[in-house]
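A.B. asks: Input structure: coords03.tsv, which contains TSV, C-alpha atoms.
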```tsv
chain	number	residue	atom	x	y	z
J	1	MET	CA	-10.48	6.38	-52.39
J	2	GLU	CA	-11.51	9.29	-50.12
J	3	SER	CA	-13.66	7.02	-47.96
J	4	THR	CA	-10.75	4.58	-47.62
J	5	LYS	CA	-8.48	7.38	-46.37
J	6	LYS	CA	-11.12	8.48	-43.87
J	7	THR	CA	-11.55	4.91	-42.63
J	8	LYS	CA	-7.78	4.54	-42.13
J	9	LYS	CA	-7.64	7.88	-40.30
J	10	ASP	CA	-10.52	6.89	-38.01
J	11	LEU	CA	-8.87	3.52	-37.38
J	12	SER	CA	-5.59	5.25	-36.50
J	13	ARG	CA	-7.38	7.48	-33.99
J	14	LEU	CA	-9.14	4.47	-32.52
J	15	ARG	CA	-5.81	2.70	-32.05
J	16	GLU	CA	-4.26	5.77	-30.42
J	17	ALA	CA	-7.21	6.07	-28.02
J	18	TYR	CA	-7.01	2.37	-27.21
J	19	ASN	CA	-3.25	2.50	-26.66
J	20	GLU	CA	-3.72	5.46	-24.32
J	21	SER	CA	-6.44	3.66	-22.36
J	22	ILE	CA	-4.27	0.58	-21.71
J	23	GLY	CA	-1.11	2.51	-20.91
J	24	LEU	CA	0.74	2.14	-24.21
J	25	GLY	CA	0.20	5.75	-25.19
J	26	ASN	CA	2.87	7.06	-22.82
J	27	VAL	CA	5.43	4.26	-22.64
J	28	GLY	CA	8.90	5.68	-22.09
J	29	ILE	CA	12.05	3.81	-23.11
J	30	PHE	CA	14.85	5.28	-20.99
J	31	SER	CA	17.39	2.45	-20.69
J	32	GLU	CA	19.23	-0.13	-22.78
J	33	ALA	CA	17.45	-2.87	-20.82
J	34	LEU	CA	14.00	-1.61	-21.86
J	35	LYS	CA	15.18	-0.91	-25.41
J	36	ASN	CA	16.20	-4.57	-25.69
J	37	VAL	CA	12.84	-5.67	-24.26
J	38	TRP	CA	10.95	-3.58	-26.82
J	39	GLN	CA	13.08	-4.92	-29.68
J	40	GLN	CA	12.34	-8.50	-28.57
J	41	ALA	CA	8.64	-7.69	-28.30
J	42	ARG	CA	8.59	-6.18	-31.79
J	43	LYS	CA	10.16	-9.34	-33.25
J	44	LEU	CA	7.78	-11.63	-31.38
J	45	HIS	CA	4.80	-9.67	-32.66
J	46	GLY	CA	5.71	-10.81	-36.16
J	47	ASP	CA	5.37	-14.54	-35.37
J	48	ARG	CA	2.13	-15.57	-33.66
J	49	SER	CA	3.19	-19.22	-33.52
J	50	ILE	CA	5.85	-18.62	-30.85
J	51	PRO	CA	4.53	-18.77	-27.27
J	52	VAL	CA	5.93	-16.01	-25.06
J	53	LEU	CA	6.90	-16.09	-21.38
J	54	ILE	CA	7.34	-12.69	-19.71
J	55	THR	CA	9.02	-12.81	-16.31
J	56	GLY	CA	9.64	-10.08	-13.77
J	57	GLU	CA	8.58	-8.72	-10.41
J	58	THR	CA	5.12	-7.30	-9.75
J	59	GLY	CA	4.73	-3.81	-11.20
J	60	THR	CA	7.49	-4.01	-13.82
J	61	GLY	CA	5.02	-3.72	-16.72
J	62	LYS	CA	4.61	-7.31	-17.92
J	63	GLU	CA	1.07	-6.80	-19.20
J	64	ILE	CA	2.05	-3.64	-21.10
J	65	VAL	CA	4.76	-5.65	-22.90
J	66	ALA	CA	2.23	-8.42	-23.58
J	67	ARG	CA	-0.20	-5.92	-25.11
J	68	TYR	CA	2.59	-4.45	-27.23
J	69	ILE	CA	3.47	-7.93	-28.55
J	70	HIS	CA	-0.20	-8.31	-29.48
J	71	LEU	CA	-0.67	-4.84	-31.00
J	72	GLY	CA	2.71	-4.22	-32.64
J	73	GLU	CA	3.52	-0.81	-34.11
J	74	GLU	CA	0.40	-0.42	-36.24
J	75	GLY	CA	-2.13	-1.87	-33.82
J	76	GLU	CA	-4.01	-5.16	-34.11
J	77	ILE	CA	-7.80	-5.35	-34.49
J	78	SER	CA	-8.19	-8.81	-32.99
J	79	PRO	CA	-9.15	-10.12	-29.53
J	80	PHE	CA	-6.81	-9.69	-26.56
J	81	VAL	CA	-8.07	-11.88	-23.73
J	82	ALA	CA	-6.39	-11.72	-20.32
J	83	VAL	CA	-6.89	-14.44	-17.69
J	84	ASN	CA	-5.71	-13.96	-14.11
J	85	CYS	CA	-4.78	-17.54	-13.26
J	86	ALA	CA	-4.32	-16.67	-9.57
J	87	ALA	CA	-8.00	-15.66	-9.34
J	88	LEU	CA	-9.36	-19.01	-10.54
J	89	THR	CA	-10.04	-21.94	-8.24
J	90	PRO	CA	-8.52	-25.28	-9.37
J	91	ASN	CA	-11.90	-26.76	-10.36
J	92	MET	CA	-12.71	-23.70	-12.53
J	93	PHE	CA	-9.59	-23.72	-14.70
J	94	GLU	CA	-10.58	-26.26	-17.32
J	95	SER	CA	-14.10	-24.96	-17.95
J	96	GLU	CA	-12.87	-21.33	-17.98
J	97	LEU	CA	-10.11	-22.00	-20.51
J	98	PHE	CA	-11.63	-24.73	-22.67
J	99	GLY	CA	-15.33	-23.94	-22.25
J	100	TYR	CA	-17.91	-26.71	-21.97
J	101	GLU	CA	-20.76	-28.27	-23.89
J	102	ALA	CA	-24.38	-28.49	-22.73
J	103	GLY	CA	-24.82	-31.18	-20.07
J	104	ALA	CA	-21.07	-31.48	-19.44
J	105	PHE	CA	-21.58	-31.29	-15.68
J	106	THR	CA	-24.23	-30.54	-13.09
J	107	GLY	CA	-24.79	-26.84	-12.52
J	108	GLY	CA	-23.49	-25.76	-15.93
J	109	LEU	CA	-25.40	-23.47	-18.29
J	110	LEU	CA	-28.05	-25.28	-20.34
J	111	GLY	CA	-26.49	-24.27	-23.65
J	112	GLY	CA	-22.91	-24.76	-22.54
J	113	LYS	CA	-20.37	-21.95	-22.41
J	114	LYS	CA	-17.52	-20.64	-24.52
J	115	GLY	CA	-14.10	-20.69	-22.92
J	116	LYS	CA	-11.24	-18.21	-23.12
J	117	PHE	CA	-9.71	-20.26	-25.97
J	118	ASP	CA	-12.90	-19.68	-27.99
J	119	ILE	CA	-13.01	-15.95	-27.24
J	120	ALA	CA	-9.31	-15.45	-28.10
J	121	GLN	CA	-9.57	-17.09	-31.54
J	122	GLY	CA	-7.62	-15.07	-34.11
J	123	GLY	CA	-5.98	-13.00	-31.38
J	124	THR	CA	-3.96	-13.30	-28.19
J	125	LEU	CA	-4.56	-15.12	-24.90
J	126	LEU	CA	-2.63	-13.72	-21.93
J	127	LEU	CA	-2.27	-16.17	-19.05
J	128	ASP	CA	-1.24	-13.94	-16.15
J	129	GLU	CA	0.59	-15.76	-13.32
J	130	ILE	CA	0.96	-18.98	-15.31
J	131	SER	CA	2.57	-20.67	-12.29
J	132	GLU	CA	-0.89	-20.86	-10.66
J	133	ILE	CA	-2.27	-23.31	-13.24
J	134	PRO	CA	-2.66	-26.76	-11.65
J	135	VAL	CA	-0.06	-29.30	-12.76
J	136	GLU	CA	-2.68	-31.69	-14.13
J	137	LEU	CA	-4.00	-28.97	-16.44
J	138	GLN	CA	-0.55	-27.88	-17.60
J	139	ALA	CA	-0.26	-30.97	-19.81
J	140	LYS	CA	-3.52	-30.07	-21.56
J	141	LEU	CA	-2.36	-26.49	-22.05
J	142	LEU	CA	0.92	-27.73	-23.54
J	143	ARG	CA	-1.03	-29.91	-25.96
J	144	VAL	CA	-3.08	-26.93	-27.15
J	145	ILE	CA	0.05	-24.80	-27.62
J	146	GLN	CA	1.85	-27.55	-29.57
J	147	GLU	CA	-0.98	-29.11	-31.58
J	148	LYS	CA	-3.11	-25.95	-32.03
J	149	GLU	CA	-6.33	-27.77	-31.23
J	150	TYR	CA	-8.56	-28.58	-28.27
J	151	TYR	CA	-11.89	-30.02	-27.11
J	152	ARG	CA	-14.40	-28.27	-24.91
J	153	VAL	CA	-15.20	-30.04	-21.64
J	154	GLY	CA	-17.73	-32.76	-22.52
J	155	GLY	CA	-17.23	-32.08	-26.24
J	156	LEU	CA	-16.43	-34.46	-29.08
J	157	ILE	CA	-15.62	-31.92	-31.78
J	158	LYS	CA	-11.98	-30.93	-32.23
J	159	ILE	CA	-11.56	-27.14	-32.43
J	160	GLN	CA	-8.60	-25.52	-34.18
J	161	ALA	CA	-6.78	-23.00	-31.97
J	162	ASP	CA	-5.70	-19.90	-33.88
J	163	ILE	CA	-4.28	-18.24	-30.76
J	164	ARG	CA	-1.10	-16.42	-29.77
J	165	PHE	CA	-0.16	-17.52	-26.23
J	166	ILE	CA	1.54	-15.07	-23.87
J	167	CYS	CA	2.22	-16.05	-20.26
J	168	THR	CA	3.52	-13.95	-17.39
J	169	THR	CA	4.85	-14.75	-13.94
J	170	ASN	CA	6.47	-12.93	-11.03
J	171	VAL	CA	7.92	-16.09	-9.48
J	172	ASP	CA	11.01	-18.12	-10.34
J	173	LEU	CA	9.66	-20.97	-12.48
J	174	ALA	CA	12.99	-22.81	-12.09
J	175	GLU	CA	12.17	-23.21	-8.40
J	176	LYS	CA	8.68	-24.41	-9.30
J	177	LEU	CA	10.28	-27.03	-11.54
J	178	ASN	CA	12.42	-28.32	-8.68
J	179	GLU	CA	9.36	-28.44	-6.43
J	180	GLY	CA	7.42	-30.41	-9.03
J	181	ALA	CA	4.82	-27.62	-9.21
J	182	PHE	CA	5.47	-26.79	-12.87
J	183	ARG	CA	5.94	-29.14	-15.81
J	184	ARG	CA	9.40	-29.10	-17.34
J	185	ASP	CA	8.13	-29.67	-20.89
J	186	LEU	CA	5.72	-26.73	-20.65
J	187	TYR	CA	8.45	-24.52	-19.21
J	188	TYR	CA	10.84	-25.27	-22.08
J	189	ARG	CA	8.09	-24.76	-24.65
J	190	LEU	CA	7.23	-21.34	-23.22
J	191	ASN	CA	10.88	-20.44	-22.79
J	192	VAL	CA	11.37	-20.17	-26.57
J	193	GLY	CA	10.15	-16.56	-26.46
J	194	GLN	CA	11.15	-15.49	-22.96
J	195	ILE	CA	11.40	-11.80	-22.03
J	196	TYR	CA	12.82	-10.74	-18.66
J	197	LEU	CA	11.84	-7.37	-17.18
J	198	PRO	CA	14.45	-6.24	-14.61
J	199	PRO	CA	13.12	-4.49	-11.47
J	200	LEU	CA	13.19	-0.70	-11.37
J	201	ARG	CA	15.94	-0.64	-8.71
J	202	GLU	CA	18.27	-2.22	-11.28
J	203	ARG	CA	17.34	0.43	-13.85
J	204	PRO	CA	18.04	3.61	-11.85
J	205	GLU	CA	18.60	5.64	-15.01
J	206	GLU	CA	14.84	5.28	-15.67
J	207	ILE	CA	13.57	6.54	-12.32
J	208	LEU	CA	13.66	10.30	-12.95
J	209	PRO	CA	12.56	10.20	-16.61
J	210	LEU	CA	9.62	7.97	-15.68
J	211	ALA	CA	8.79	10.22	-12.73
J	212	TYR	CA	8.71	13.26	-15.02
J	213	LEU	CA	6.62	11.35	-17.57
J	214	PHE	CA	4.03	10.42	-14.93
J	215	LEU	CA	4.12	13.88	-13.34
J	216	GLU	CA	3.43	15.62	-16.65
J	217	GLU	CA	0.65	13.21	-17.60
J	218	LEU	CA	-1.10	13.26	-14.21
J	219	ALA	CA	-0.76	17.02	-13.71
J	220	ARG	CA	-2.41	17.52	-17.09
J	221	GLN	CA	-5.21	15.09	-16.29
J	222	LYS	CA	-5.93	16.61	-12.87
J	223	GLN	CA	-5.27	20.19	-13.98
J	224	LYS	CA	-2.47	20.78	-11.48
J	225	ARG	CA	0.63	23.01	-11.81
J	226	PHE	CA	3.38	20.41	-11.26
J	227	THR	CA	6.21	20.69	-13.80
J	228	ALA	CA	9.41	19.89	-11.82
J	229	ILE	CA	10.95	17.52	-9.26
J	230	SER	CA	13.17	18.93	-6.52
J	231	ASN	CA	16.72	17.64	-5.93
J	232	GLU	CA	15.69	16.39	-2.48
J	233	THR	CA	12.84	14.38	-3.99
J	234	ALA	CA	15.17	13.02	-6.68
J	235	ASN	CA	17.58	11.86	-3.93
J	236	ILE	CA	14.72	10.07	-2.18
J	237	PHE	CA	13.65	8.40	-5.41
J	238	PHE	CA	17.23	7.23	-6.10
J	239	SER	CA	17.79	5.86	-2.59
J	240	TYR	CA	14.45	4.01	-2.41
J	241	GLN	CA	14.31	0.34	-3.51
J	242	TRP	CA	10.87	0.50	-5.21
J	243	PRO	CA	9.57	-2.99	-4.30
J	244	GLY	CA	6.41	-2.21	-6.29
J	245	ASN	CA	8.52	-1.08	-9.26
J	246	VAL	CA	7.12	1.23	-11.97
J	247	ARG	CA	3.54	0.78	-10.75
J	248	GLU	CA	4.52	1.98	-7.28
J	249	LEU	CA	6.38	5.00	-8.69
J	250	LYS	CA	3.30	6.02	-10.67
J	251	ASN	CA	1.04	5.48	-7.63
J	252	VAL	CA	3.26	7.68	-5.45
J	253	ILE	CA	3.19	10.51	-7.98
J	254	GLU	CA	-0.54	10.11	-8.64
J	255	TRP	CA	-1.26	10.42	-4.90
J	256	ALA	CA	0.96	13.52	-4.63
J	257	VAL	CA	-0.70	15.21	-7.60
J	258	LEU	CA	-4.14	14.35	-6.25
J	259	MET	CA	-3.44	15.72	-2.76
J	260	PHE	CA	-1.31	18.77	-3.59
J	261	ASP	CA	-1.02	21.55	-6.16
J	262	ASP	CA	2.48	22.99	-6.51
J	263	VAL	CA	4.99	23.74	-9.25
J	264	GLU	CA	7.66	21.41	-7.86
J	265	LEU	CA	7.31	17.90	-6.41
J	266	LYS	CA	8.85	18.08	-2.91
J	267	PRO	CA	9.55	15.55	-0.12
J	268	GLU	CA	6.55	16.77	1.87
J	269	HIS	CA	4.34	15.65	-1.02
J	270	LEU	CA	5.48	12.02	-0.63
J	271	GLY	CA	3.38	11.27	2.44
J	272	MET	CA	2.00	8.14	0.77
J	273	MET	CA	5.44	6.50	0.96
J	274	GLU	CA	5.93	7.49	4.60
J	275	ARG	CA	2.41	6.43	5.57
J	276	LYS	CA	2.95	2.98	4.05
J	277	GLY	CA	6.16	2.62	6.05
J	278	SER	CA	8.01	2.42	2.76
J	279	LEU	CA	10.39	5.24	3.53
J	280	ASN	CA	11.52	7.42	6.38
J	281	LEU	CA	11.71	10.89	4.89
J	282	THR	CA	13.52	12.31	7.93
J	283	VAL	CA	17.26	11.73	7.66
J	284	THR	CA	18.75	11.14	11.10
J	285	GLY	CA	21.99	9.59	12.35
J	286	LYS	CA	24.19	8.11	9.65
J	287	PRO	CA	23.37	9.70	6.23
J	288	ARG	CA	22.16	7.52	3.38
J	289	ILE	CA	24.78	6.45	0.86
J	290	LEU	CA	22.92	8.22	-1.93
J	291	ASP	CA	22.09	11.34	0.10
J	292	PHE	CA	23.74	13.87	-2.20
J	293	THR	CA	22.81	16.88	-4.28
J	294	LEU	CA	22.54	16.26	-7.99
J	295	PRO	CA	24.89	18.41	-10.08
J	296	PRO	CA	23.48	20.83	-12.68
J	297	GLY	CA	23.56	19.96	-16.35
J	298	SER	CA	23.61	16.18	-16.49
J	299	PHE	CA	24.32	13.15	-14.32
J	300	PRO	CA	26.04	10.06	-15.87
J	301	VAL	CA	24.01	7.36	-14.09
J	302	LYS	CA	25.24	4.59	-16.42
J	303	ASP	CA	28.89	5.39	-15.64
J	304	VAL	CA	28.16	5.43	-11.91
J	305	ILE	CA	26.50	2.00	-12.13
J	306	LYS	CA	29.44	0.60	-14.10
J	307	ASN	CA	31.92	1.91	-11.54
J	308	ILE	CA	29.92	0.45	-8.66
J	309	ILE	CA	29.73	-2.97	-10.33
J	310	TYR	CA	33.44	-3.00	-11.26
J	311	GLN	CA	34.47	-1.98	-7.72
J	312	ALA	CA	32.18	-4.61	-6.19
J	313	LEU	CA	33.68	-7.28	-8.48
J	314	GLN	CA	37.22	-6.23	-7.50
J	315	MET	CA	36.24	-6.24	-3.83
J	316	HIS	CA	35.11	-9.87	-4.17
J	317	ASP	CA	37.96	-11.02	-6.45
J	318	GLY	CA	35.65	-11.45	-9.42
J	319	ASN	CA	33.25	-13.77	-7.54
J	320	LYS	CA	29.92	-12.96	-9.20
J	321	THR	CA	27.80	-14.78	-6.61
J	322	GLU	CA	29.29	-12.77	-3.73
J	323	THR	CA	29.18	-9.58	-5.80
J	324	ALA	CA	25.46	-10.05	-6.49
J	325	LYS	CA	24.81	-10.64	-2.76
J	326	TYR	CA	26.78	-7.52	-1.86
J	327	LEU	CA	24.82	-5.39	-4.35
J	328	GLY	CA	21.50	-6.88	-3.27
J	329	ILE	CA	20.59	-8.20	-6.72
J	330	SER	CA	20.24	-11.66	-8.23
J	331	ARG	CA	23.10	-13.34	-10.13
J	332	ARG	CA	20.91	-13.22	-13.23
J	333	SER	CA	20.53	-9.46	-12.87
J	334	LEU	CA	24.28	-9.04	-12.38
J	335	TYR	CA	25.02	-11.08	-15.52
J	336	TYR	CA	22.45	-8.99	-17.37
J	337	GLN	CA	24.15	-5.73	-16.29
J	338	LEU	CA	27.57	-7.11	-17.27
J	339	LYS	CA	26.20	-8.11	-20.67
J	340	LEU	CA	24.85	-4.59	-21.20
J	341	MET	CA	28.22	-3.14	-20.23
J	342	ASP	CA	30.02	-5.45	-22.69
J	343	ASN	CA	27.61	-4.52	-25.47
J	344	SER	CA	28.19	-0.81	-24.84
J	345	LYS	CA	31.91	-1.32	-25.52
J	346	ASN	CA	31.26	-2.73	-29.00
```
As structure tokens - that is how I would like this structure written.
C.D. replies:
Amino acid sequence: MESTKKTKKDLSRLREAYNESIGLGNVGIFSEALKNVWQQARKLHGDRSIPVLITGETGTGKEIVARYIHLGEEGEISPFVAVNCAALTPNMFESELFGYEAGAFTGGLLGGKKGKFDIAQGGTLLLDEISEIPVELQAKLLRVIQEKEYYRVGGLIKIQADIRFICTTNVDLAEKLNEGAFRRDLYYRLNVGQIYLPPLRERPEEILPLAYLFLEELARQKQKRFTAISNETANIFFSYQWPGNVRELKNVIEWAVLMFDDVELKPEHLGMMERKGSLNLTVTGKPRILDFTLPPGSFPVKDVIKNIIYQALQMHDGNKTETAKYLGISRRSLYYQLKLMDNSKN
């Protein structure tokens, strides 16, 4: 009994260390949008038979969500195999995914080679940037997902596939469908468990909490004194569009903590953003719309967003397409925000 308790304790520590190493140890849920994503992910963890499609811009955290679906709350001691589809040449896809038998083709290993399907048995296979898989191979992938079996290249033995499939993409697969670059049947099969990660600019209530989370973590790691973010820096963070999303926010703070040692994160510490041409930190001419001083106490970001959306809708007589254009977001994102607002009323 005592040895069993010790084993469980050691296993728990191992899971915590692993979660920390892959970025799950400090995940912050600071918005209704992310809360919904995490609830979906928790449900999908419970059913390995459902393929999952995670969509969203680069840097929104698609792989972290994929790993959470694999691990769940308690952690999962089974393989998690990630394949970057964009890094594979078209003629490598089949042998990399399916593996091959000895003598399958000239130049192959004498004893053949296991593929990613073989390695992921009993666990999860993450196909990152699924849109990059050649169309001719998409049909074979669909067959594996549906029938749960496959053959290695040059093989005659049918292999059972005990694999959870998770796919991610940062492109609009609907456009790929129209272009004939993505199979419609595969898209609808993957779409059963779709999760959409909105960009950071559409989740402004998360910017400061995430910034503080990263600042605390990185200052501790690098033994720096940073504990606060100045109002001027907060204004810059709110007014910036964050094309690289959460990953870019963390990179900016990591660079600042690496290069400086101060108590408060100030605009002069954000040289990485200015050097990249991402942001002009000097305000000249017409002031930015969001160039204001944050009030003490609290700031109702959700209410501000609601008011902006309602005013934009009134300005365009309820036309959602024109409203989305005016706000600089997609129609899908606007509908998502409106849905969140409706849910908050209930």
A.B. asks: What does the distance from atom CA of J:Leu340 to atom CA of J:Gln194 come to in Å, to one decimal?
C.D. replies: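 We find that atom CA of J:Leu340 and atom CA of J:Gln194 lie 17.6 Å from each other.
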A.B. asks: For the atom pair atom CA of J:Val81 and atom CA of J:Leu44, what is the interatomic distance in Å to one decimal place?
C.D. replies: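 Taking atom CA of J:Val81 and atom CA of J:Leu44, their separation equals 17.6 Å.
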A.B. asks: Considering all atoms listed in the file, return as number ranges by chain whatever protein or nucleic-acid residues lie within 8 Å of stretch 141-146 of chain J, sequence-local ones (same chain, fewer than 2 positions apart) excluded.
C.D. replies: J: 51, 137-139, 148-150, 161, 165, 185-186, 189
A.B. asks: Taking into account all atoms listed in the file, which residue in the set J:Ala41, J:Phe226, J:Arg184, J:Lys302 is nearest to J:Leu213?
C.D. replies: J:Phe226
A.B. asks: Anything within 7 Å of (21.0, -3.9, -24.5): list those residues as a list in words, counting only C-alpha atoms and sticking to the file's coordinates.
C.D. replies: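 Using only C-alpha atoms, the matching residues come out as Glu32, Ala33, Lys35, Asn36, Leu340 and Asn343 of chain J.
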A.B. asks: Take the residues that were just selected and, keeping C-alpha atoms, output them as a CSV table (one decimal), in the frame of the given file.
C.D. replies:
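The result, written out as result-v1.csv:
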```
chain,number,residue,atom,x,y,z
J,32,GLU,CA,19.2,-0.1,-22.8
J,33,ALA,CA,17.4,-2.9,-20.8
J,35,LYS,CA,15.2,-0.9,-25.4
J,36,ASN,CA,16.2,-4.6,-25.7
J,340,LEU,CA,24.8,-4.6,-21.2
J,343,ASN,CA,27.6,-4.5,-25.5
```
A.B. asks: Given the choices J:Leu53, J:Glu179, J:Thr58, J:Glu73, which gets closest to J:Leu126 if the distance is worked out from all atoms listed in the file?
C.D. replies: J:Leu53
